[in-house]
>>> print(open('structure-v4.cif').read())   # mmCIF, C-alpha atoms
data_target
#
loop_
_atom_site.label_atom_id
_atom_site.label_comp_id
_atom_site.auth_asym_id
_atom_site.auth_seq_id
_atom_site.Cartn_x
_atom_site.Cartn_y
_atom_site.Cartn_z
CA MET A 1 -12.27 -6.36 0.08
CA PRO A 2 -10.03 -8.33 2.45
CA THR A 3 -9.19 -6.59 5.66
CA ALA A 4 -6.67 -7.07 8.42
CA ALA A 5 -6.29 -5.63 11.90
CA TYR A 6 -3.64 -3.00 12.34
CA ALA A 7 -2.56 -2.18 15.88
CA GLN A 8 -2.43 1.37 17.17
CA TYR A 9 -0.83 1.81 20.55
CA GLY A 10 -1.64 4.97 22.38
CA GLU A 11 -0.69 8.52 21.49
CA ASP A 12 1.80 11.28 22.11
CA ARG A 13 1.23 13.45 25.13
CA LYS A 14 3.41 15.92 26.98
CA ALA A 15 1.86 16.56 30.35
CA HIS A 16 1.02 13.00 31.37
CA ARG A 17 2.32 9.71 30.06
CA GLY A 18 1.17 6.28 31.01
CA GLY A 19 -1.68 3.86 30.85
CA ARG A 20 -2.09 1.13 28.30
CA ILE A 21 -4.61 1.06 25.51
CA LEU A 22 -4.83 -1.41 22.63
CA THR A 23 -7.14 -0.57 19.75
CA THR A 24 -7.44 -1.96 16.26
CA THR A 25 -8.44 -0.30 13.04
CA LEU A 26 -9.74 -2.22 10.03
CA LEU A 27 -7.66 -1.29 7.00
CA PRO A 28 -7.30 -3.03 3.65
CA ALA A 29 -4.98 -5.99 3.93
CA ARG A 30 -2.01 -5.60 1.64
CA ARG A 31 0.98 -7.56 0.56
CA SER A 32 4.37 -6.04 0.29
CA ALA A 33 4.69 -3.62 -2.64
CA ARG A 34 7.41 -5.71 -4.28
CA THR A 35 5.39 -8.94 -4.17
CA ALA A 36 2.21 -7.32 -5.48
CA ALA A 37 4.01 -5.49 -8.26
CA GLY A 38 5.89 -8.62 -9.31
CA SER A 39 2.71 -10.71 -9.42
CA ARG A 40 0.84 -8.04 -11.37
CA ARG A 41 3.72 -7.58 -13.81
CA SER A 42 4.02 -11.28 -14.57
CA ARG A 43 0.26 -11.60 -15.10
CA VAL A 44 0.07 -8.60 -17.45
CA ASN A 45 3.11 -9.71 -19.47
CA TYR A 46 1.67 -13.18 -19.90
CA ARG A 47 -1.58 -11.77 -21.25
CA GLU A 48 0.19 -9.28 -23.53
CA VAL A 49 2.35 -12.00 -25.03
CA LEU A 50 -0.72 -14.07 -25.88
CA VAL A 51 -2.45 -11.07 -27.49
CA ASP A 52 0.64 -10.19 -29.53
CA LEU A 53 1.05 -13.76 -30.75
CA ALA A 54 -2.60 -13.90 -31.81
CA LEU A 55 -2.41 -10.61 -33.73
CA ILE A 56 0.82 -11.59 -35.48
CA PHE A 57 -0.70 -14.95 -36.37
CA PHE A 58 -3.72 -13.33 -38.07
CA ALA A 59 -1.48 -10.81 -39.84
CA VAL A 60 0.70 -13.65 -41.17
CA LEU A 61 -2.40 -15.58 -42.21
CA ASP A 62 -3.75 -12.52 -44.05
CA VAL A 63 -0.55 -12.02 -46.06
CA TRP A 64 0.00 -15.70 -46.77
CA LEU A 65 -3.55 -16.60 -47.86
CA LEU A 66 -3.97 -13.56 -50.06
CA GLY A 67 -0.60 -14.24 -51.68
CA LEU A 68 -1.63 -17.85 -52.43
CA TRP A 69 -4.92 -16.65 -53.85
CA MET A 70 -3.20 -14.17 -56.18
CA GLU A 71 -0.73 -16.82 -57.38
CA ALA A 72 -3.47 -19.38 -57.93
CA ASP A 73 -5.64 -17.07 -60.08
CA PRO A 74 -3.84 -16.69 -63.42
CA SER A 75 -6.98 -15.22 -65.04
CA SER A 76 -6.85 -12.02 -62.93
CA ASP A 77 -5.78 -8.75 -64.50
CA LEU A 78 -3.34 -8.06 -61.67
CA PRO A 79 0.34 -7.81 -62.55
CA PRO A 80 2.62 -10.63 -61.44
CA ILE A 81 3.85 -10.57 -57.85
CA GLU A 82 7.30 -9.12 -57.49
CA SER A 83 9.80 -10.34 -54.88
CA TYR A 84 10.13 -6.90 -53.27
CA GLN A 85 6.37 -6.93 -52.61
CA VAL A 86 6.66 -10.22 -50.76
CA TRP A 87 9.59 -8.99 -48.69
CA LEU A 88 7.87 -5.73 -47.76
CA ASN A 89 4.78 -7.69 -46.71
CA TRP A 90 6.79 -9.88 -44.35
CA VAL A 91 8.69 -6.85 -42.99
CA ALA A 92 5.33 -5.29 -42.16
CA VAL A 93 4.23 -8.42 -40.33
CA GLY A 94 7.53 -8.78 -38.45
CA ALA A 95 7.41 -5.14 -37.35
CA LEU A 96 4.39 -5.94 -35.18
CA VAL A 97 6.78 -7.36 -32.61
CA LEU A 98 7.76 -3.75 -31.79
CA ARG A 99 4.26 -2.32 -31.61
CA ARG A 100 4.07 -1.99 -27.81
CA ARG A 101 7.37 -0.17 -27.32
CA PHE A 102 7.56 1.74 -30.62
CA PRO A 103 4.04 1.95 -32.04
CA PHE A 104 4.65 4.82 -34.47
CA ILE A 105 7.86 3.29 -35.85
CA THR A 106 5.97 0.01 -36.27
CA LEU A 107 3.30 1.76 -38.32
CA VAL A 108 5.94 3.41 -40.53
CA LEU A 109 7.46 -0.01 -41.19
CA THR A 110 4.08 -1.45 -42.20
CA ILE A 111 3.22 1.34 -44.64
CA PRO A 112 5.48 0.13 -47.55
CA GLY A 113 4.08 -3.39 -47.33
CA PHE A 114 0.51 -2.08 -47.34
CA PHE A 115 1.18 0.41 -50.18
CA VAL A 116 2.88 -1.88 -52.69
CA GLY A 117 1.65 -5.18 -51.28
CA TRP A 118 -1.35 -6.46 -49.36
CA SER A 119 -0.40 -6.35 -45.63
CA GLN A 120 -3.51 -4.33 -44.75
CA LEU A 121 -4.24 -6.12 -41.46
CA ALA A 122 -0.70 -5.49 -40.17
CA ALA A 123 -1.08 -1.76 -40.88
CA MET A 124 -4.45 -1.67 -39.11
CA ILE A 125 -2.99 -3.37 -36.03
CA ALA A 126 -0.12 -0.87 -35.98
CA LEU A 127 -2.59 2.02 -36.32
CA TYR A 128 -4.54 0.67 -33.35
CA SER A 129 -1.35 0.66 -31.27
CA VAL A 130 -0.62 4.28 -32.24
CA ALA A 131 -4.16 5.39 -31.34
CA ARG A 132 -3.94 3.50 -28.05
CA ARG A 133 -0.66 5.17 -27.10
CA TYR A 134 -1.13 8.69 -28.49
CA VAL A 135 -4.78 9.53 -27.83
CA GLY A 136 -5.60 12.70 -29.73
CA GLY A 137 -1.93 13.31 -30.64
CA TRP A 138 -0.50 14.29 -33.97
CA GLN A 139 0.96 10.80 -34.30
CA THR A 140 -2.54 9.35 -34.49
CA GLY A 141 -3.66 11.82 -37.15
CA LEU A 142 -0.56 11.27 -39.29
CA ALA A 143 -0.81 7.50 -38.94
CA ALA A 144 -4.48 7.56 -39.98
CA ALA A 145 -3.65 9.67 -43.02
CA LEU A 146 -0.90 7.26 -44.12
CA VAL A 147 -3.16 4.23 -43.78
CA TRP A 148 -5.95 5.99 -45.70
CA LEU A 149 -3.57 6.91 -48.51
CA CYS A 150 -2.34 3.32 -48.73
CA ARG A 151 -5.93 2.14 -49.13
CA PHE A 152 -6.87 4.90 -51.58
CA VAL A 153 -3.78 4.98 -53.81
CA ALA A 154 -3.32 1.89 -55.97
CA TRP A 155 -0.11 0.17 -56.98
CA PRO A 156 1.15 0.22 -59.63
CA PRO A 157 0.34 3.89 -60.36
CA GLN A 158 -1.22 3.07 -63.73
CA GLU A 159 -4.08 1.35 -61.95
CA LEU A 160 -4.82 4.57 -60.06
CA ILE A 161 -4.83 6.52 -63.33
CA ASP A 162 -7.16 4.07 -65.07
CA ARG A 163 -9.59 3.86 -62.14
CA PRO A 164 -12.95 5.57 -62.79
CA ALA A 165 -14.39 8.26 -60.53
CA SER A 166 -16.76 5.80 -58.85
CA GLY A 167 -13.75 3.65 -58.00
CA HIS A 168 -12.02 6.62 -56.39
CA PHE A 169 -15.07 7.35 -54.21
CA HIS A 170 -15.35 3.68 -53.31
CA SER A 171 -11.67 3.49 -52.33
CA ALA A 172 -11.95 6.72 -50.31
CA ILE A 173 -14.93 5.36 -48.34
CA TYR A 174 -13.18 2.07 -47.62
CA GLY A 175 -10.03 4.00 -46.73
CA PHE A 176 -11.96 5.81 -43.99
CA LEU A 177 -13.26 2.48 -42.71
CA VAL A 178 -9.84 0.87 -42.74
CA ALA A 179 -8.26 3.86 -40.92
CA GLY A 180 -11.21 4.66 -38.67
CA LEU A 181 -11.89 1.21 -37.24
CA PRO A 182 -8.48 0.77 -35.51
CA ILE A 183 -8.65 4.32 -34.12
CA ALA A 184 -12.16 3.71 -32.75
CA ILE A 185 -11.07 0.47 -31.09
CA GLY A 186 -7.97 2.16 -29.66
CA LEU A 187 -10.01 5.02 -28.20
CA LEU A 188 -12.50 2.54 -26.76
CA ALA A 189 -9.71 0.55 -25.10
CA HIS A 190 -8.21 3.75 -23.70
CA ALA A 191 -11.60 4.87 -22.31
CA ARG A 192 -12.12 1.45 -20.74
CA GLN A 193 -8.72 1.63 -19.03
CA GLU A 194 -9.42 5.14 -17.75
CA LEU A 195 -12.79 4.03 -16.40
CA SER A 196 -11.20 1.06 -14.67
CA ASN A 197 -8.60 3.33 -13.06
CA ARG A 198 -11.30 5.72 -11.86
CA ILE A 199 -13.29 2.85 -10.35
CA VAL A 200 -10.21 1.68 -8.44
CA GLU A 201 -9.53 5.22 -7.20
CA LEU A 202 -13.16 5.59 -6.15
CA ALA A 203 -13.05 2.32 -4.21
CA GLU A 204 -9.86 3.40 -2.43
CA SER A 205 -11.35 6.80 -1.66
CA ARG A 206 -14.48 5.24 -0.19
CA GLU A 207 -12.36 2.92 1.93
CA ARG A 208 -10.34 5.87 3.25
CA GLU A 209 -13.54 7.75 4.04
CA ARG A 210 -14.89 4.72 5.88
CA VAL A 211 -11.74 4.45 7.97
CA LEU A 212 -11.73 8.19 8.73
CA HIS A 213 -15.39 8.00 9.74
CA ALA A 214 -14.62 5.08 12.05
CA HIS A 215 -11.74 7.08 13.56
CA ALA A 216 -14.02 10.05 14.16
CA ILE A 217 -16.64 7.90 15.88
CA ARG A 218 -14.01 6.24 18.04
CA ALA A 219 -12.50 9.59 18.96
CA ASP A 220 -15.92 10.81 20.11
CA GLU A 221 -16.42 7.68 22.20
CA ARG A 222 -12.96 8.02 23.72
CA ALA A 223 -13.60 11.67 24.60
CA LYS A 224 -16.94 10.74 26.17
CA LEU A 225 -15.33 7.93 28.17
CA ALA A 226 -12.55 10.27 29.30
CA ARG A 227 -15.09 12.82 30.56
CA GLU A 228 -17.01 10.17 32.45
CA MET A 229 -13.88 8.79 34.08
CA HIS A 230 -12.61 12.22 34.99
CA ASP A 231 -15.92 13.50 36.36
CA VAL A 232 -17.04 10.41 38.28
CA VAL A 233 -14.21 8.00 39.04
CA SER A 234 -11.50 10.55 39.72
CA HIS A 235 -13.84 12.49 42.02
CA GLN A 236 -14.58 9.40 44.08
CA VAL A 237 -10.91 8.39 44.31
CA SER A 238 -10.00 11.93 45.38
CA LEU A 239 -12.55 11.71 48.19
CA ILE A 240 -11.03 8.39 49.31
CA ALA A 241 -7.57 9.95 49.42
CA MET A 242 -8.83 12.96 51.41
CA GLN A 243 -10.75 10.79 53.90
CA ALA A 244 -7.73 8.52 54.36
CA GLY A 245 -5.53 11.54 55.06
CA ALA A 246 -8.01 12.88 57.59
CA LEU A 247 -8.30 9.46 59.23
CA ARG A 248 -4.52 9.21 59.50
CA MET A 249 -4.38 12.52 61.35
CA ALA A 250 -7.34 11.69 63.62
CA VAL A 251 -6.41 8.23 64.94
CA ALA A 252 -3.75 7.72 67.57
CA ASP A 253 -3.06 4.01 67.13
CA ALA A 254 0.11 3.38 65.08
CA GLU A 255 -1.36 0.38 63.27
CA HIS A 256 -4.41 2.36 62.26
CA LYS A 257 -2.20 5.22 61.06
CA GLN A 258 -0.25 2.78 58.87
CA VAL A 259 -3.47 1.38 57.36
CA ALA A 260 -4.76 4.89 56.67
CA GLY A 261 -1.40 5.85 55.11
CA THR A 262 -1.48 2.79 52.86
CA ILE A 263 -5.01 3.63 51.73
CA ARG A 264 -3.98 7.21 50.97
CA THR A 265 -0.88 6.05 49.05
CA LEU A 266 -2.85 3.56 46.96
CA SER A 267 -5.63 6.01 46.20
CA THR A 268 -3.14 8.75 45.27
CA ARG A 269 -1.26 6.51 42.87
CA THR A 270 -4.52 5.17 41.48
CA LEU A 271 -5.65 8.75 40.85
CA ASP A 272 -2.35 9.52 39.10
CA GLU A 273 -2.66 6.47 36.83
CA LEU A 274 -6.29 7.34 36.18
CA ARG A 275 -5.30 10.83 35.05
CA GLN A 276 -2.66 9.34 32.78
CA LEU A 277 -5.25 7.01 31.25
CA VAL A 278 -7.64 9.90 30.72
CA SER A 279 -4.88 11.81 28.94
CA VAL A 280 -4.40 8.78 26.66
CA LEU A 281 -8.09 8.68 25.81
CA ARG A 282 -8.20 12.39 25.04
CA THR A 283 -5.31 12.42 22.60
CA THR A 284 -5.49 11.50 18.91
CA GLU A 285 -3.85 8.52 17.27
CA ASP A 286 -1.82 10.58 14.84
CA ASN A 287 0.85 11.58 17.37
CA GLN A 288 1.78 8.53 19.35
CA PRO A 289 5.14 8.59 21.16
CA GLY A 290 8.12 6.73 19.79
CA VAL A 291 11.63 5.58 20.54
CA ASP A 292 12.95 9.15 20.56
CA GLU A 293 10.95 9.86 23.73
CA LEU A 294 12.34 6.96 25.75
CA PRO A 295 14.97 9.11 27.56
CA GLU A 296 12.24 11.40 28.81
CA LEU A 297 10.14 8.41 29.86
CA ALA A 298 13.12 7.00 31.80
CA ALA A 299 13.71 10.35 33.51
CA ASP A 300 10.12 10.41 34.75
CA ALA A 301 10.07 6.78 35.92
CA GLY A 302 10.82 7.62 39.58
CA PHE A 303 13.78 5.25 39.89
CA GLU A 304 17.13 4.71 38.21
CA VAL A 305 16.75 3.73 34.54
CA THR A 306 19.54 3.41 31.97
CA VAL A 307 18.58 3.58 28.28
CA GLN A 308 20.81 2.16 25.51
CA LEU A 309 19.93 2.73 21.84
CA LYS A 310 21.82 0.77 19.17
CA GLY A 311 21.42 1.03 15.41
CA PRO A 312 19.14 3.27 13.32
CA VAL A 313 16.24 3.31 15.76
CA GLU A 314 15.05 6.64 14.37
CA ASP A 315 14.20 4.93 11.05
CA LEU A 316 11.63 2.56 12.53
CA ALA A 317 8.11 2.67 11.17
CA ALA A 318 5.73 4.73 13.31
CA PRO A 319 3.61 1.76 14.55
CA VAL A 320 6.76 -0.20 15.42
CA SER A 321 8.35 2.77 17.20
CA GLY A 322 5.13 3.27 19.14
CA ALA A 323 5.01 -0.40 20.11
CA VAL A 324 8.59 -0.22 21.38
CA TYR A 325 7.71 2.83 23.47
CA ARG A 326 4.60 1.18 24.94
CA THR A 327 6.49 -2.02 25.76
CA VAL A 328 9.15 -0.10 27.68
CA GLN A 329 6.49 2.03 29.36
CA GLU A 330 4.51 -0.99 30.57
CA ALA A 331 7.66 -2.73 31.79
CA LEU A 332 8.76 0.33 33.77
CA THR A 333 5.27 0.64 35.26
CA ASN A 334 5.42 -2.97 36.42
CA ILE A 335 8.85 -2.37 37.97
CA ARG A 336 7.54 0.64 39.85
CA LYS A 337 4.61 -1.42 41.12
CA HIS A 338 6.23 -4.73 42.00
CA ALA A 339 9.96 -4.06 42.44
CA VAL A 340 10.18 -0.96 44.58
CA GLY A 341 13.77 0.15 45.02
CA ALA A 342 15.07 -1.71 41.95
CA SER A 343 16.97 -0.18 39.03
CA ALA A 344 16.37 -0.98 35.38
CA THR A 345 18.27 -1.15 32.08
CA VAL A 346 16.51 -0.59 28.75
CA LEU A 347 18.13 -1.84 25.53
CA ILE A 348 16.78 -1.02 22.05
CA ASP A 349 18.85 -2.82 19.39
CA ALA A 350 18.12 -2.23 15.69
CA GLN A 351 21.55 -3.15 14.32
CA TYR A 352 20.92 -6.57 12.85
CA ASP A 353 18.46 -8.43 10.60
CA ASP A 354 15.01 -7.00 9.93
CA ASN A 355 13.88 -6.90 13.56
CA VAL A 356 14.32 -4.50 16.44
CA LEU A 357 15.03 -6.04 19.86
CA VAL A 358 13.63 -4.59 23.09
CA GLU A 359 14.97 -5.66 26.49
CA VAL A 360 13.94 -4.24 29.85
CA ARG A 361 15.88 -5.77 32.75
CA ASN A 362 15.53 -4.81 36.41
CA THR A 363 17.43 -5.80 39.52
CA ALA A 364 15.89 -7.39 42.59
CA ALA A 365 13.52 -5.24 44.63
CA GLY A 366 15.08 -3.28 47.47
CA PRO A 367 13.87 -3.07 51.06
CA SER A 368 10.82 -0.79 51.30
CA ALA A 369 8.16 -0.04 53.85
CA GLU A 370 5.56 0.65 51.17
CA SER A 371 2.91 -1.91 50.45
CA PRO A 372 2.97 -3.34 46.92
CA LEU A 373 0.40 -1.88 44.56
CA PRO A 374 -2.39 -4.16 43.37
CA SER A 375 -2.20 -5.60 39.86
CA GLY A 376 -4.85 -6.69 37.40
CA GLY A 377 -2.53 -9.24 35.82
CA HIS A 378 -3.11 -7.96 32.29
CA GLY A 379 0.13 -6.07 31.68
CA LEU A 380 2.16 -8.93 30.22
CA VAL A 381 -0.86 -10.17 28.27
CA GLY A 382 -1.18 -6.76 26.63
CA LEU A 383 2.51 -6.70 25.72
CA ARG A 384 2.25 -10.13 24.12
CA GLU A 385 -0.81 -9.00 22.13
CA ARG A 386 1.04 -5.96 20.81
CA ALA A 387 3.98 -8.05 19.66
CA THR A 388 1.71 -10.62 18.01
CA LEU A 389 -0.33 -8.05 16.09
CA LEU A 390 2.85 -6.62 14.61
CA GLY A 391 4.30 -10.01 13.72
CA GLY A 392 6.83 -10.00 16.57
CA GLU A 393 7.63 -12.10 19.62
CA PHE A 394 7.44 -11.52 23.37
CA SER A 395 8.78 -13.24 26.46
CA ALA A 396 9.10 -12.36 30.15
CA GLY A 397 10.42 -14.08 33.23
CA PRO A 398 12.56 -13.82 36.35
CA THR A 399 16.34 -13.73 36.20
CA GLU A 400 18.85 -15.68 38.30
CA ASP A 401 19.76 -12.63 40.39
CA GLY A 402 16.18 -12.11 41.55
CA GLY A 403 15.29 -9.50 38.94
CA PHE A 404 12.98 -9.67 35.95
CA LEU A 405 13.56 -9.57 32.18
CA VAL A 406 11.06 -8.47 29.54
CA THR A 407 12.08 -9.19 25.91
CA ALA A 408 10.22 -8.31 22.72
CA SER A 409 11.11 -8.15 19.02
CA PHE A 410 9.27 -6.36 16.24
CA PRO A 411 9.80 -6.29 12.47
CA LYS A 412 11.23 -2.92 11.45
CA GLU A 413 8.66 -2.54 8.70
CA ARG A 414 5.11 -3.54 9.48
CA VAL A 415 3.63 -5.58 6.61
CA VAL A 416 0.34 -7.49 6.88
CA SER A 417 0.32 -10.57 4.70
CA ASP A 418 -2.66 -12.05 2.93
#
>>> encode(input="structure-v4.cif", output="structure tokens")
Amino acid sequence: MPTAAYAQYGEDRKAHRGGRILTTTLLPARRSARTAAGSRRSRVNYREVLVDLALIFFAVLDVWLLGLWMEADPSSDLPPIESYQVWLNWVAVGALVLRRRFPFITLVLTIPGFFVGWSQLAAMIALYSVARRYVGGWQTGLAAALVWLCRFVAWPPQELIDRPASGHFHSAIYGFLVAGLPIAIGLLAHARQELSNRIVELAESRERERVLHAHAIRADERAKLAREMHDVVSHQVSLIAMQAGALRMAVADAEHKQVAGTIRTLSTRTLDELRQLVSVLRTTEDNQPGVDELPELAADAGFEVTVQLKGPVEDLAAPVSGAVYRTVQEALTNIRKHAVGASATVLIDAQYDDNVLVEVRNTAAGPSAESPLPSGGHGLVGLRERATLLGGEFSAGPTEDGGFLVTASFPKERVVSD
């Protein structure tokens, strides 16, 4: 089964927000529902048309050849062919065009031709269609009875009266064969279709179980990693912050005090970001934050942030809404790190086209005595990866006024193509 990587970006959390995590989950690759349904519909219709044409061809051949045979055999004891018999035969054959939409009506239209004429194959095809549509229904039983009567009762009636008892038993047996064979084939086709549907459902169920099992394993690994980070790394960083604070109080030199203060500030902020990352690892993927939580994120940013929402942003798909949230979150984190004293404007525009636009713009950094926080240089790379996995675009760069602009666009509906 083809697979494609779906992106999941973090989770919802109330006490702590932050950090950046990018994970992928293997799920069945799928086309859009409209494309798949259209392709399947055209393929099925094409096959059905060929089957219908073949059945009608054999029904026409049956009526035509038998009619020629009867006309070419003047020595037979059969009465001459009447025009109404010919017309009823061809009506029975033409009715097969309706067998898929109106199978029972088609069978009723074939009965006169079979009873007074010789369109037996057309009646059997119509009976198959009834059995295929109405499995175990009264329509199937009534249709079988009509076909059996047409095979058992002779036309003209005098032939039925003159027939010996052995002929009646013979006609009854062949009537059961003529009526039973189409029903058996119809039931077999129905059972085959049901089995095929069950196999498809089983395959989908096994795929869902595999994905859920992978999620459970990943959740256990995330919880284990969160415990290790909390118990080991956060303890060591806390000790660094405490020692730096004690050193700042103990030394008298101003330069040394400033160095100790910088160490304490960096370790404290590192500890805060570490706790936020641990909270990300401990949460589940089912409740990731979205666009509706951006105002709260802006309020907790620690500097002035203005949020503008345009269009139906609340209708965005959950992965897209989560990607928008994570993009804004990462951009605000970078502003707090590298542009201390700046203000920011966040714009989420979902008014036009099939994409949602995300812009995070900040002014130039203000004067500050704090030392800039270190950076791993992976923030913008992660944002670009998120946009790419969702089929979007990403760009970032400085502005003319000394600020910085982060721009991303995501499709409103996430669809993974083949």
>>> residues_around(input="structure-v4.cif", residues="Leu316 (chain A)", least_positions_apart="2", cutoff="10 Å", atoms="only C-alpha atoms", output="MDAnalysis selection string")
chainID A and resid 290:291 312:314 318:322 324 350 355:356 410:414
>>> atom_distance(input="structure-v4.cif", atom1="CA of Asp349 (chain A)", atom2="CA of Lys310 (chain A)")
4.7 Å
>>> closest_residue(input="structure-v4.cif", among="A:Ile125, A:Leu177, A:Ala339, A:Leu98", to="Pro398 (chain A)", atoms="all atoms listed in the file")
A:Ala339
>>> residues_around(input="structure-v4.cif", residues="region 259-264 of chain A", least_positions_apart="2", cutoff="12 Å", atoms="all atoms listed in the file", output="ChimeraX atom specification")
/A:237-257,266-271,369-374
>>> atom_distance(input="structure-v4.cif", atom1="CA of Gly392 (chain A)", atom2="CA of Leu274 (chain A)")
29.3 Å
>>> atom_distance(input="structure-v4.cif", atom1="CA of Thr106 (chain A)", atom2="CA of Leu53 (chain A)")
15.6 Å
>>> axis_aligned_box(input="structure-v4.cif", around="region 345-353 of chain A", padding_each_side="8 Å", output="JSON")
{"center_x": 19.0, "center_y": -4.5, "center_z": 21.3, "size_x": 21.0, "size_y": 23.8, "size_z": 37.5}
>>> closest_residue(input="structure-v4.cif", among="A:Pro182, A:Gly141, A:Pro164, A:Gly175", to="Ala126 (chain A)", atoms="only C-alpha atoms")
A:Pro182
